[in-house]
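Enquirer: Data: structure-v6.csv, CSV, N, CA and C atoms.
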chain,number,residue,atom,x,y,z
C,1,MET,N,10.8,-75.8,6.2
C,1,MET,CA,10.4,-76.8,7.1
C,1,MET,C,11.3,-76.7,8.3
C,2,PRO,N,10.8,-76.6,9.5
C,2,PRO,CA,11.6,-76.5,10.7
C,2,PRO,C,12.4,-77.8,10.9
C,3,MET,N,13.7,-77.6,11.4
C,3,MET,CA,14.5,-78.7,11.7
C,3,MET,C,15.2,-78.5,13.0
C,4,SER,N,15.9,-79.6,13.5
C,4,SER,CA,16.6,-79.5,14.7
C,4,SER,C,18.0,-78.9,14.4
C,5,ARG,N,18.7,-78.6,15.5
C,5,ARG,CA,20.0,-78.0,15.4
C,5,ARG,C,21.0,-79.1,14.9
C,6,MET,N,20.8,-80.3,15.3
C,6,MET,CA,21.7,-81.4,14.9
C,6,MET,C,21.5,-81.7,13.4
C,7,GLU,N,20.3,-81.6,12.9
C,7,GLU,CA,20.0,-81.9,11.5
C,7,GLU,C,20.7,-80.8,10.6
C,8,ALA,N,20.6,-79.5,11.1
C,8,ALA,CA,21.2,-78.4,10.4
C,8,ALA,C,22.7,-78.5,10.4
C,9,ALA,N,23.3,-79.0,11.5
C,9,ALA,CA,24.7,-79.1,11.6
C,9,ALA,C,25.2,-80.3,10.6
C,10,ALA,N,24.4,-81.3,10.6
C,10,ALA,CA,24.7,-82.5,9.7
C,10,ALA,C,24.6,-82.0,8.2
C,11,SER,N,23.7,-81.1,7.9
C,11,SER,CA,23.6,-80.6,6.6
C,11,SER,C,24.6,-79.5,6.2
C,12,GLY,N,25.3,-79.0,7.2
C,12,GLY,CA,26.3,-78.0,6.9
C,12,GLY,C,25.8,-76.6,6.9
C,13,LEU,N,24.6,-76.4,7.5
C,13,LEU,CA,24.0,-75.0,7.4
C,13,LEU,C,24.5,-74.2,8.6
C,14,THR,N,24.7,-72.9,8.4
C,14,THR,CA,25.1,-72.0,9.5
C,14,THR,C,23.9,-71.4,10.2
C,15,VAL,N,22.8,-71.3,9.4
C,15,VAL,CA,21.5,-70.7,9.9
C,15,VAL,C,20.4,-71.7,9.5
C,16,TYR,N,19.5,-72.0,10.5
C,16,TYR,CA,18.4,-72.9,10.2
C,16,TYR,C,17.1,-72.3,10.7
C,17,GLU,N,16.0,-72.9,10.2
C,17,GLU,CA,14.7,-72.5,10.7
C,17,GLU,C,14.3,-73.5,11.9
C,18,GLY,N,14.3,-72.9,13.1
C,18,GLY,CA,14.1,-73.7,14.2
C,18,GLY,C,12.7,-74.1,14.5
C,19,VAL,N,12.5,-75.0,15.4
C,19,VAL,CA,11.1,-75.5,15.8
C,19,VAL,C,10.3,-74.5,16.5
C,20,HIS,N,11.0,-73.8,17.5
C,20,HIS,CA,10.3,-72.8,18.3
C,20,HIS,C,10.8,-71.4,17.9
C,21,PRO,N,9.8,-70.5,17.8
C,21,PRO,CA,10.2,-69.1,17.4
C,21,PRO,C,10.9,-68.4,18.6
C,22,CYS,N,11.6,-67.3,18.4
C,22,CYS,CA,12.2,-66.5,19.4
C,22,CYS,C,11.2,-65.9,20.3
C,23,ARG,N,11.5,-65.9,21.6
C,23,ARG,CA,10.5,-65.3,22.6
C,23,ARG,C,10.5,-63.8,22.5
C,24,ILE,N,11.6,-63.2,22.0
C,24,ILE,CA,11.7,-61.7,22.0
C,24,ILE,C,11.1,-61.2,20.7
C,25,CYS,N,11.6,-61.7,19.5
C,25,CYS,CA,11.2,-61.1,18.3
C,25,CYS,C,10.2,-62.0,17.5
C,26,GLY,N,10.2,-63.2,17.8
C,26,GLY,CA,9.3,-64.2,17.1
C,26,GLY,C,9.9,-64.8,15.8
C,27,SER,N,11.1,-64.5,15.5
C,27,SER,CA,11.7,-65.1,14.3
C,27,SER,C,12.1,-66.5,14.5
C,28,PRO,N,11.9,-67.4,13.5
C,28,PRO,CA,12.2,-68.8,13.7
C,28,PRO,C,13.7,-69.1,13.3
C,29,TRP,N,14.4,-68.1,12.8
C,29,TRP,CA,15.8,-68.4,12.3
C,29,TRP,C,16.8,-68.3,13.4
C,30,ARG,N,17.6,-69.3,13.5
C,30,ARG,CA,18.6,-69.5,14.5
C,30,ARG,C,20.0,-69.9,14.0
C,31,TYR,N,21.0,-69.5,14.7
C,31,TYR,CA,22.4,-69.9,14.3
C,31,TYR,C,22.6,-71.4,14.7
C,32,THR,N,23.2,-72.2,13.9
C,32,THR,CA,23.5,-73.6,14.2
C,32,THR,C,24.6,-73.7,15.2
C,33,ALA,N,25.6,-72.8,15.2
C,33,ALA,CA,26.7,-73.0,16.2
C,33,ALA,C,26.3,-72.8,17.6
C,34,HIS,N,25.4,-71.8,17.9
C,34,HIS,CA,25.1,-71.6,19.3
C,34,HIS,C,23.6,-71.5,19.6
C,35,GLY,N,22.8,-71.6,18.6
C,35,GLY,CA,21.3,-71.7,18.7
C,35,GLY,C,20.6,-70.4,19.1
C,36,GLN,N,21.3,-69.3,18.9
C,36,GLN,CA,20.7,-68.0,19.2
C,36,GLN,C,19.9,-67.5,18.0
C,37,CYS,N,18.9,-66.6,18.3
C,37,CYS,CA,18.1,-66.0,17.3
C,37,CYS,C,19.0,-65.1,16.4
C,38,VAL,N,18.8,-65.2,15.1
C,38,VAL,CA,19.7,-64.4,14.2
C,38,VAL,C,19.4,-62.9,14.3
C,39,PRO,N,18.1,-62.4,14.2
C,39,PRO,CA,17.9,-61.0,14.3
C,39,PRO,C,18.3,-60.4,15.6
C,40,CYS,N,18.0,-61.1,16.7
C,40,CYS,CA,18.3,-60.6,18.0
C,40,CYS,C,19.8,-60.5,18.2
C,41,GLN,N,20.5,-61.6,17.8
C,41,GLN,CA,22.0,-61.6,17.9
C,41,GLN,C,22.6,-60.5,17.1
C,42,ARG,N,22.2,-60.2,15.9
C,42,ARG,CA,22.7,-59.1,15.1
C,42,ARG,C,22.5,-57.8,15.8
C,43,GLU,N,21.3,-57.6,16.4
C,43,GLU,CA,21.0,-56.3,17.0
C,43,GLU,C,21.9,-56.1,18.2
C,44,ARG,N,22.1,-57.2,19.0
C,44,ARG,CA,23.0,-57.1,20.2
C,44,ARG,C,24.4,-56.8,19.8
C,45,ALA,N,24.9,-57.4,18.7
C,45,ALA,CA,26.2,-57.2,18.2
C,45,ALA,C,26.4,-55.8,17.8
C,46,SER,N,25.4,-55.2,17.0
C,46,SER,CA,25.6,-53.8,16.5
C,46,SER,C,25.6,-52.8,17.7
C,47,LYS,N,24.8,-53.1,18.7
C,47,LYS,CA,24.8,-52.2,19.9
C,47,LYS,C,26.1,-52.3,20.6
C,48,ARG,N,26.6,-53.5,20.7
C,48,ARG,CA,27.9,-53.7,21.4
C,48,ARG,C,29.0,-53.0,20.7
C,49,GLN,N,29.0,-53.1,19.4
C,49,GLN,CA,30.0,-52.4,18.6
C,49,GLN,C,29.9,-50.9,18.7
C,50,GLU,N,28.7,-50.3,18.7
C,50,GLU,CA,28.5,-48.9,18.9
C,50,GLU,C,29.1,-48.5,20.3
C,51,ALA,N,28.8,-49.3,21.3
C,51,ALA,CA,29.3,-48.9,22.7
C,51,ALA,C,30.8,-48.9,22.7
C,52,ILE,N,31.4,-49.9,22.1
C,52,ILE,CA,32.9,-50.0,22.0
C,52,ILE,C,33.5,-48.8,21.3
C,53,ALA,N,32.9,-48.5,20.2
C,53,ALA,CA,33.3,-47.3,19.4
C,53,ALA,C,33.3,-46.0,20.2
C,54,LYS,N,32.2,-45.9,20.9
C,54,LYS,CA,32.1,-44.6,21.7
C,54,LYS,C,33.1,-44.6,22.8
C,55,LYS,N,33.4,-45.7,23.4
C,55,LYS,CA,34.4,-45.7,24.5
C,55,LYS,C,35.8,-45.5,23.9
C,56,LEU,N,36.1,-46.0,22.7
C,56,LEU,CA,37.4,-45.8,22.1
C,56,LEU,C,37.5,-44.3,21.7
C,57,LYS,N,36.5,-43.7,21.2
C,57,LYS,CA,36.5,-42.3,20.8
C,57,LYS,C,36.7,-41.4,22.0
C,58,ALA,N,36.1,-41.7,23.1
C,58,ALA,CA,36.2,-40.9,24.3
C,58,ALA,C,37.6,-41.1,24.9
C,59,ALA,N,38.2,-42.3,24.8
C,59,ALA,CA,39.5,-42.5,25.3
C,59,ALA,C,40.6,-41.8,24.4
C,60,ARG,N,40.4,-41.8,23.1
C,60,ARG,CA,41.3,-41.1,22.3
C,60,ARG,C,41.2,-39.6,22.5
C,61,LYS,N,40.0,-39.1,22.7
C,61,LYS,CA,39.9,-37.7,22.9
C,61,LYS,C,40.5,-37.2,24.2
C,62,GLY,N,40.4,-38.0,25.3
C,62,GLY,CA,40.9,-37.6,26.5
C,62,GLY,C,42.4,-37.9,26.7
C,63,ARG,N,42.9,-38.7,25.9
C,63,ARG,CA,44.3,-39.0,26.0
C,63,ARG,C,45.2,-37.8,25.6
C,64,LYS,N,46.2,-37.6,26.4
C,64,LYS,CA,47.2,-36.5,26.1
C,64,LYS,C,48.5,-37.2,25.7
C,65,ARG,N,49.3,-36.4,25.0
C,65,ARG,CA,50.6,-37.0,24.6
C,65,ARG,C,51.5,-37.1,25.9
C,66,ARG,N,52.2,-38.2,25.9
C,66,ARG,CA,53.2,-38.4,27.0
C,66,ARG,C,54.3,-37.4,26.8
C,67,GLN,N,54.7,-36.7,27.9
C,67,GLN,CA,55.8,-35.8,27.8
C,67,GLN,C,57.0,-36.4,28.5
C,68,LYS,N,58.1,-36.2,27.9
C,68,LYS,CA,59.3,-36.8,28.4
C,68,LYS,C,59.8,-36.0,29.6
C,69,PRO,N,60.3,-36.7,30.6
C,69,PRO,CA,60.7,-35.9,31.8
C,69,PRO,C,62.0,-35.1,31.5
C,70,ALA,N,62.2,-34.0,32.1
C,70,ALA,CA,63.3,-33.2,31.9
C,70,ALA,C,64.6,-34.0,32.3
C,71,PRO,N,65.7,-33.8,31.5
C,71,PRO,CA,66.9,-34.6,31.9
C,71,PRO,C,67.5,-34.1,33.2
C,72,ALA,N,68.0,-35.0,34.0
C,72,ALA,CA,68.6,-34.7,35.3
C,72,ALA,C,69.9,-33.9,35.0
C,73,THR,N,70.2,-33.0,35.9
C,73,THR,CA,71.5,-32.3,35.8
C,73,THR,C,72.4,-32.7,36.9
C,74,ILE,N,73.6,-32.4,36.8
C,74,ILE,CA,74.6,-32.8,37.8
C,74,ILE,C,74.3,-32.1,39.2
C,75,ASP,N,73.7,-30.8,39.1
C,75,ASP,CA,73.4,-30.1,40.3
C,75,ASP,C,72.3,-30.8,41.1
C,76,GLU,N,71.4,-31.6,40.5
C,76,GLU,CA,70.3,-32.3,41.1
C,76,GLU,C,70.8,-33.6,41.6
C,77,GLY,N,72.1,-33.9,41.5
C,77,GLY,CA,72.6,-35.2,41.9
C,77,GLY,C,72.3,-36.4,40.9
C,78,GLY,N,71.9,-36.0,39.7
C,78,GLY,CA,71.7,-37.0,38.7
C,78,GLY,C,72.9,-37.2,37.8
C,79,VAL,N,72.7,-38.1,36.9
C,79,VAL,CA,73.7,-38.4,35.9
C,79,VAL,C,73.6,-37.4,34.8
C,80,PRO,N,74.8,-36.8,34.4
C,80,PRO,CA,74.6,-35.9,33.3
C,80,PRO,C,74.0,-36.5,32.0
C,81,PRO,N,73.3,-35.7,31.3
C,81,PRO,CA,72.6,-36.3,30.1
C,81,PRO,C,73.7,-36.7,29.1
C,82,GLN,N,73.4,-37.9,28.5
C,82,GLN,CA,74.3,-38.5,27.5
C,82,GLN,C,73.8,-38.1,26.1
C,83,PRO,N,74.7,-37.9,25.2
C,83,PRO,CA,74.2,-37.6,23.8
C,83,PRO,C,73.5,-38.8,23.3
C,84,ARG,N,72.5,-38.5,22.5
C,84,ARG,CA,71.7,-39.6,21.9
C,84,ARG,C,72.5,-40.3,20.8
C,85,ARG,N,72.4,-41.6,20.8
C,85,ARG,CA,73.1,-42.5,19.8
C,85,ARG,C,72.2,-42.6,18.6
C,86,ARG,N,72.8,-42.6,17.5
C,86,ARG,CA,72.1,-42.8,16.3
C,86,ARG,C,71.7,-44.3,16.1
C,87,SER,N,70.6,-44.5,15.7
C,87,SER,CA,70.2,-45.9,15.4
C,87,SER,C,70.6,-46.3,14.0
C,88,GLY,N,70.8,-47.5,13.8
C,88,GLY,CA,71.2,-48.0,12.5
C,88,GLY,C,72.6,-48.6,12.4
C,89,ARG,N,73.0,-48.8,11.3
C,89,ARG,CA,74.3,-49.4,11.1
C,89,ARG,C,75.4,-48.4,11.3
C,90,LYS,N,76.5,-48.9,11.9
C,90,LYS,CA,77.7,-48.0,12.1
C,90,LYS,C,78.5,-48.1,10.8
C,91,SER,N,78.9,-47.0,10.3
C,91,SER,CA,79.6,-47.0,9.0
C,91,SER,C,81.1,-46.8,9.3
C,92,ALA,N,81.9,-47.5,8.5
C,92,ALA,CA,83.4,-47.3,8.6
C,92,ALA,C,83.8,-46.1,7.9
C,93,PRO,N,84.9,-45.5,8.2
C,93,PRO,CA,85.3,-44.3,7.4
C,93,PRO,C,85.5,-44.7,5.9
C,94,SER,N,84.9,-44.0,5.1
C,94,SER,CA,84.9,-44.3,3.7
C,94,SER,C,86.2,-43.7,3.0
C,95,ALA,N,86.7,-44.5,2.0
C,95,ALA,CA,87.8,-44.1,1.3
C,95,ALA,C,87.3,-43.1,0.2
C,96,PRO,N,88.2,-42.2,-0.2
C,96,PRO,CA,87.8,-41.3,-1.3
C,96,PRO,C,87.5,-42.0,-2.5
C,97,PRO,N,86.5,-41.6,-3.3
C,97,PRO,CA,86.1,-42.3,-4.5
C,97,PRO,C,87.3,-42.3,-5.5
C,98,GLN,N,87.4,-43.4,-6.2
C,98,GLN,CA,88.5,-43.6,-7.2
C,98,GLN,C,87.9,-43.4,-8.5
C,99,ASN,N,88.7,-42.8,-9.4
C,99,ASN,CA,88.4,-42.6,-10.8
C,99,ASN,C,88.8,-43.9,-11.5
C,100,PRO,N,87.9,-44.6,-12.1
C,100,PRO,CA,88.2,-45.9,-12.8
C,100,PRO,C,89.2,-45.7,-13.9
C,101,ALA,N,89.2,-44.5,-14.5
C,101,ALA,CA,90.2,-44.3,-15.6
C,101,ALA,C,91.6,-44.2,-15.1
C,102,GLU,N,91.8,-43.7,-13.9
C,102,GLU,CA,93.2,-43.6,-13.4
C,102,GLU,C,93.7,-44.9,-12.9
C,103,GLY,N,92.9,-45.9,-12.5
C,103,GLY,CA,93.3,-47.1,-11.9
C,103,GLY,C,93.8,-48.1,-13.0
C,104,VAL,N,93.4,-47.9,-14.3
C,104,VAL,CA,93.7,-48.8,-15.4
C,104,VAL,C,95.1,-48.5,-16.0
C,105,ALA,N,96.0,-49.5,-16.1
C,105,ALA,CA,97.3,-49.2,-16.7
C,105,ALA,C,97.2,-49.4,-18.2
C,106,PRO,N,97.9,-48.6,-19.0
C,106,PRO,CA,97.8,-48.7,-20.4
C,106,PRO,C,98.6,-49.8,-21.0
Mind turning the file's structure into structure tokens?
Expert:
Amino acid sequence: MPMSRMEAAASGLTVYEGVHPCRICGSPWRYTAHGQCVPCQRERASKRQEAIAKKLKAARKGRKRRQKPAPATIDEGGVPPQPRRRSGRKSAPSAPPQNPAEGVAP
């Protein structure tokens, strides 16, 4: 039985059978949240997703790896290249490992 959007919302439905059929496809089923036709909205969404996927694929295909610029040399008036620092924790000089048997007094 057809119902209004407000009745469908009060009933807690996400999809309801509307009073007027869709002008494009003729389906009576509509979404409660925005009142759009269910089959038409699904078709639009799938076409939109396909278009987005094509654009992403083309962008990934055309993208090239970023190349690092060559380091400046002193002759070019630049700063000499600095050695790369290691990332992570700085470690203190470690003591030689001790034998537990030697450290125990008899």
Enquirer: Please indicate the distance in Å from atom CA of Pro28 of chain C to atom CA of Tyr16 of chain C, rounded to one decimal place.
Expert: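 Separation of atom CA of Pro28 of chain C and atom CA of Tyr16 of chain C: 8.2 Å.
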Enquirer: What's the separation between atom N of Ile24 of chain C and atom N of Ser11 of chain C, in Å to one decimal place?
Expert: 25.8 Å
Enquirer: Any idea what the distance is between atom CA of Ala9 of chain C and atom CA of Ser46 of chain C?
Expert: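 These atoms are spaced 25.8 Å apart.
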Enquirer: If DSSP is run on the backbone, what residues of segment 14-75 of chain C are alpha helix (DSSP H)? A reply as a PDB file with N, CA and C atoms, in the coordinates of the input would be ideal.
Expert:
ATOM      1  N   VAL C  38      18.800 -65.200  15.100  1.00  0.00           N
ATOM      2  CA  VAL C  38      19.700 -64.400  14.200  1.00  0.00           C
ATOM      3  C   VAL C  38      19.400 -62.900  14.300  1.00  0.00           C
ATOM      4  N   PRO C  39      18.100 -62.400  14.200  1.00  0.00           N
ATOM      5  CA  PRO C  39      17.900 -61.000  14.300  1.00  0.00           C
ATOM      6  C   PRO C  39      18.300 -60.400  15.600  1.00  0.00           C
ATOM      7  N   CYS C  40      18.000 -61.100  16.700  1.00  0.00           N
ATOM      8  CA  CYS C  40      18.300 -60.600  18.000  1.00  0.00           C
ATOM      9  C   CYS C  40      19.800 -60.500  18.200  1.00  0.00           C
ATOM     10  N   GLN C  41      20.500 -61.600  17.800  1.00  0.00           N
ATOM     11  CA  GLN C  41      22.000 -61.600  17.900  1.00  0.00           C
ATOM     12  C   GLN C  41      22.600 -60.500  17.100  1.00  0.00           C
ATOM     13  N   ARG C  42      22.200 -60.200  15.900  1.00  0.00           N
ATOM     14  CA  ARG C  42      22.700 -59.100  15.100  1.00  0.00           C
ATOM     15  C   ARG C  42      22.500 -57.800  15.800  1.00  0.00           C
ATOM     16  N   GLU C  43      21.300 -57.600  16.400  1.00  0.00           N
ATOM     17  CA  GLU C  43      21.000 -56.300  17.000  1.00  0.00           C
ATOM     18  C   GLU C  43      21.900 -56.100  18.200  1.00  0.00           C
ATOM     19  N   ARG C  44      22.100 -57.200  19.000  1.00  0.00           N
ATOM     20  CA  ARG C  44      23.000 -57.100  20.200  1.00  0.00           C
ATOM     21  C   ARG C  44      24.400 -56.800  19.800  1.00  0.00           C
ATOM     22  N   ALA C  45      24.900 -57.400  18.700  1.00  0.00           N
ATOM     23  CA  ALA C  45      26.200 -57.200  18.200  1.00  0.00           C
ATOM     24  C   ALA C  45      26.400 -55.800  17.800  1.00  0.00           C
ATOM     25  N   SER C  46      25.400 -55.200  17.000  1.00  0.00           N
ATOM     26  CA  SER C  46      25.600 -53.800  16.500  1.00  0.00           C
ATOM     27  C   SER C  46      25.600 -52.800  17.700  1.00  0.00           C
ATOM     28  N   LYS C  47      24.800 -53.100  18.700  1.00  0.00           N
ATOM     29  CA  LYS C  47      24.800 -52.200  19.900  1.00  0.00           C
ATOM     30  C   LYS C  47      26.100 -52.300  20.600  1.00  0.00           C
ATOM     31  N   ARG C  48      26.600 -53.500  20.700  1.00  0.00           N
ATOM     32  CA  ARG C  48      27.900 -53.700  21.400  1.00  0.00           C
ATOM     33  C   ARG C  48      29.000 -53.000  20.700  1.00  0.00           C
ATOM     34  N   GLN C  49      29.000 -53.100  19.400  1.00  0.00           N
ATOM     35  CA  GLN C  49      30.000 -52.400  18.600  1.00  0.00           C
ATOM     36  C   GLN C  49      29.900 -50.900  18.700  1.00  0.00           C
ATOM     37  N   GLU C  50      28.700 -50.300  18.700  1.00  0.00           N
ATOM     38  CA  GLU C  50      28.500 -48.900  18.900  1.00  0.00           C
ATOM     39  C   GLU C  50      29.100 -48.500  20.300  1.00  0.00           C
ATOM     40  N   ALA C  51      28.800 -49.300  21.300  1.00  0.00           N
ATOM     41  CA  ALA C  51      29.300 -48.900  22.700  1.00  0.00           C
ATOM     42  C   ALA C  51      30.800 -48.900  22.700  1.00  0.00           C
ATOM     43  N   ILE C  52      31.400 -49.900  22.100  1.00  0.00           N
ATOM     44  CA  ILE C  52      32.900 -50.000  22.000  1.00  0.00           C
ATOM     45  C   ILE C  52      33.500 -48.800  21.300  1.00  0.00           C
ATOM     46  N   ALA C  53      32.900 -48.500  20.200  1.00  0.00           N
ATOM     47  CA  ALA C  53      33.300 -47.300  19.400  1.00  0.00           C
ATOM     48  C   ALA C  53      33.300 -46.000  20.200  1.00  0.00           C
ATOM     49  N   LYS C  54      32.200 -45.900  20.900  1.00  0.00           N
ATOM     50  CA  LYS C  54      32.100 -44.600  21.700  1.00  0.00           C
ATOM     51  C   LYS C  54      33.100 -44.600  22.800  1.00  0.00           C
ATOM     52  N   LYS C  55      33.400 -45.700  23.400  1.00  0.00           N
ATOM     53  CA  LYS C  55      34.400 -45.700  24.500  1.00  0.00           C
ATOM     54  C   LYS C  55      35.800 -45.500  23.900  1.00  0.00           C
ATOM     55  N   LEU C  56      36.100 -46.000  22.700  1.00  0.00           N
ATOM     56  CA  LEU C  56      37.400 -45.800  22.100  1.00  0.00           C
ATOM     57  C   LEU C  56      37.500 -44.300  21.700  1.00  0.00           C
ATOM     58  N   LYS C  57      36.500 -43.700  21.200  1.00  0.00           N
ATOM     59  CA  LYS C  57      36.500 -42.300  20.800  1.00  0.00           C
ATOM     60  C   LYS C  57      36.700 -41.400  22.000  1.00  0.00           C
ATOM     61  N   ALA C  58      36.100 -41.700  23.100  1.00  0.00           N
ATOM     62  CA  ALA C  58      36.200 -40.900  24.300  1.00  0.00           C
ATOM     63  C   ALA C  58      37.600 -41.100  24.900  1.00  0.00           C
ATOM     64  N   ALA C  59      38.200 -42.300  24.800  1.00  0.00           N
ATOM     65  CA  ALA C  59      39.500 -42.500  25.300  1.00  0.00           C
ATOM     66  C   ALA C  59      40.600 -41.800  24.400  1.00  0.00           C
ATOM     67  N   ARG C  60      40.400 -41.800  23.100  1.00  0.00           N
ATOM     68  CA  ARG C  60      41.300 -41.100  22.300  1.00  0.00           C
ATOM     69  C   ARG C  60      41.200 -39.600  22.500  1.00  0.00           C
ATOM     70  N   LYS C  61      40.000 -39.100  22.700  1.00  0.00           N
ATOM     71  CA  LYS C  61      39.900 -37.700  22.900  1.00  0.00           C
ATOM     72  C   LYS C  61      40.500 -37.200  24.200  1.00  0.00           C
ATOM     73  N   GLY C  62      40.400 -38.000  25.300  1.00  0.00           N
ATOM     74  CA  GLY C  62      40.900 -37.600  26.500  1.00  0.00           C
ATOM     75  C   GLY C  62      42.400 -37.900  26.700  1.00  0.00           C
TER      76      GLY C  62
END
Enquirer: Closest to Gly35 of chain C among C:Gly12, C:Ala58, C:Gln49, C:Arg5, using only N, CA and C atoms?
Expert: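 That would be C:Arg5, the residue with the smallest distance to Gly35 of chain C.
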Enquirer: Might I get the box with edges along x, y and z of the file that holds all atoms of segment 25-28 of chain C listed there, padded by 4 Å on every side, given as centre and edge lengths in Å to one decimal, as lines of an AutoDock Vina configuration file?
Expert:
center_x = 11.5
center_y = -65.1
center_z = 16.4
size_x = 12.4
size_y = 16.0
size_z = 14.2
Enquirer: Could you check the closest approach to Val38 of chain C for each of C:Cys22, C:Ala8, C:Leu56, C:Met1 and tell me which residue wins, using all atoms listed in the file?
Expert: C:Cys22
Enquirer: Select, from C:Glu17, C:Arg84, C:Arg63, C:Glu7, the residue with the minimum atom-to-atom distance to Trp29 of chain C, counting only N, CA and C atoms.
Expert: C:Glu17
